[in-house]
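Written below as structure tokens is the structure these notes are about.
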Amino acid sequence: MVSNPMSQPERRTAQLGDGAMSYLEWAGTGIPLNFAHANGFNAQTYASLLAPLADDFHVFACDQRGHGFSSLPTSPGLAKHWAIYRDDLLAYLRCIGDSPIILAGHSMGGAASFMAAAAAPERVRALVLFEPVLVAPLARESNNPGPDLAARTLKRRDSFPSFETAVEAYTGRGIFRSWPDAMVEDYLRGGLRRAEDGMWVLACTPVWESESFRETPMNISRFASAIRCPITIVYGTIYSTSFDSEIEAIVRERPDTRVVQVDGASHFLPMEHPEIVRAEIRRTREQL
């Protein structure tokens, strides 16, 4: 079957206990697949990556709490150790279906998916994680990026007079240098909201994004023993947040874990190598 990269998703809403989670759905008859985004991003960011998978999967992509078009509340202390992202993900999965699902995710989304699979192993058919945040305890490795990113995020510009101004401010700059222009625009389409004064503001506030960085959990490899599904970890060689010691700990617990390191890829591997992301997701389906 020939993929249709132009297939458009429907935006839907899942009502959770304290608010609503917005998500994209590419309806299909294949195995259900959910993709969870990185901190500060949103589901729309990955639309061009996910659309070609709609021929093979029933694809979902969620806006996590404090991101995109979700209306779940944020407050100081709520992001502690990212347990709220795990719990939101599990509540959302109950809303979108009963069948076991493949969980894929980037960065924080990968970590939340990993923790969700440990908390409810019967709900998860496989994990496919791209640059998941797997940070070792500081006593073992001292390059936890969380605190530095938290401080820098608080200084980020959060409003723009027009959508075009925002696109110009982001394209080809900073962390977006390695991104295709279309993905930058998708990130902004899913991550900006129009304020009453006409300004375009970031849906994920710098305060919430900063708190999420500051609350980066360490040593989540300890949850590997509770996971019952196949695990694939794909990570890069430049500024990776997937620490070797954490990956090794997961492999010791689960020797069948598939580990793929992509030479020259950065933490933004899904933006730089979407074809690898799709290939690994499809490979996982074929192994089930």
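Here's how to read the names in the structure tokens: chain A, B, ... by the order shown, residue numbers from 1 in each chain, ligand numbers from 1 in the order shown.
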Hey, which bits of segment 23-83 of chain A sit within 12 Å of segment 144-168 of chain A, and for each residue what's the closest pair of atoms and how far apart in Å (one decimal), counting only C-alpha atoms, rows by chain and increasing number, as CSV?
residue,atom,partner,partner_atom,distance
A:Asn39,CA,A:Leu149,CA,10.8
A:Gly40,CA,A:Thr153,CA,9.4
A:His81,CA,A:Gly146,CA,11.5
Can I get the selected residues back with C-alpha atoms, as a short mmCIF file (atom, residue, chain, number, x, y, z; two decimals), in the first residue's frame?
data_model
loop_
_atom_site.label_atom_id
_atom_site.label_comp_id
_atom_site.auth_asym_id
_atom_site.auth_seq_id
_atom_site.Cartn_x
_atom_site.Cartn_y
_atom_site.Cartn_z
CA ASN A 39 8.59 18.82 26.67
CA GLY A 40 7.57 22.16 25.21
CA HIS A 81 9.06 13.49 38.65
#
- Neighbours of segment 267-278 of chain A within 8 Å (only C-alpha atoms; same-chain residues fewer than 3 positions away dropped), as a PyMOL selection string? chain A and resi 49-50+53+106-107+130-131+178-180+183+235-236+238-241+281-282
Write out, as a tab-separated table (two decimals), in the first residue's frame, the residues just selected, with C-alpha atoms.
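Saved result, part.tsv, follows:
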chain	number	residue	atom	x	y	z
A	49	LEU	CA	6.26	12.27	10.54
A	50	LEU	CA	3.13	10.38	11.59
A	53	LEU	CA	1.99	5.66	9.17
A	106	HIS	CA	10.09	11.49	21.90
A	107	SER	CA	12.10	12.73	24.88
A	130	PHE	CA	13.13	8.03	20.45
A	131	GLU	CA	15.70	9.92	22.50
A	178	SER	CA	18.32	20.96	12.23
A	179	TRP	CA	14.54	20.93	11.75
A	180	PRO	CA	12.79	20.95	8.35
A	183	MET	CA	8.08	20.88	11.07
A	235	TYR	CA	18.99	7.55	20.37
A	236	GLY	CA	21.62	9.82	18.91
A	238	ILE	CA	24.95	14.48	19.92
A	239	TYR	CA	23.51	15.95	23.14
A	240	SER	CA	21.55	12.78	23.80
A	241	THR	CA	19.33	12.56	26.87
A	281	ILE	CA	7.73	1.73	14.37
A	282	ARG	CA	6.90	-0.45	11.39
- Task: Mind checking which residues fall within 10 Å of segment 216-227 of chain A, counting only C-alpha atoms, ignoring those fewer than 5 positions away in the same chain, and posting them as a PyMOL selection string?
- Result: chain A and resi 79-83+108+111-112+114-122+124+126-127+133-138+144-147+150+211+243+245-254
- Select from segment 167-247 of chain A everything DSSP, run on the backbone, classes as strand (DSSP E or B), then give the selection as an NGL selection string. :A and (192-194 or 200-202 or 218 or 231-238 or 242)
- Message: Need to verify the contact set: Ser113 of chain A, 8 Å, only C-alpha atoms, exclusion of same-chain residues closer than 4 positions in sequence. Can you return it as a ChimeraX atom specification?
- Response: /A:36,86,89,103-105,109,117,127
How would the residues just chosen look if you wrote them out with C-alpha atoms as an mmCIF file, in the first residue's frame?
data_model
loop_
_atom_site.group_PDB
_atom_site.id
_atom_site.type_symbol
_atom_site.label_atom_id
_atom_site.label_comp_id
_atom_site.auth_asym_id
_atom_site.auth_seq_id
_atom_site.Cartn_x
_atom_site.Cartn_y
_atom_site.Cartn_z
ATOM 1 C CA ALA A 36 3.747 11.380 22.873
ATOM 2 C CA ARG A 86 2.290 9.094 33.197
ATOM 3 C CA LEU A 89 -1.384 9.194 29.534
ATOM 4 C CA LEU A 103 3.306 3.575 22.721
ATOM 5 C CA ALA A 104 5.878 5.671 20.897
ATOM 6 C CA GLY A 105 7.338 8.920 22.105
ATOM 7 C CA GLY A 109 6.976 11.599 25.811
ATOM 8 C CA ALA A 117 3.947 0.722 30.402
ATOM 9 C CA LEU A 127 7.303 0.603 23.336
#
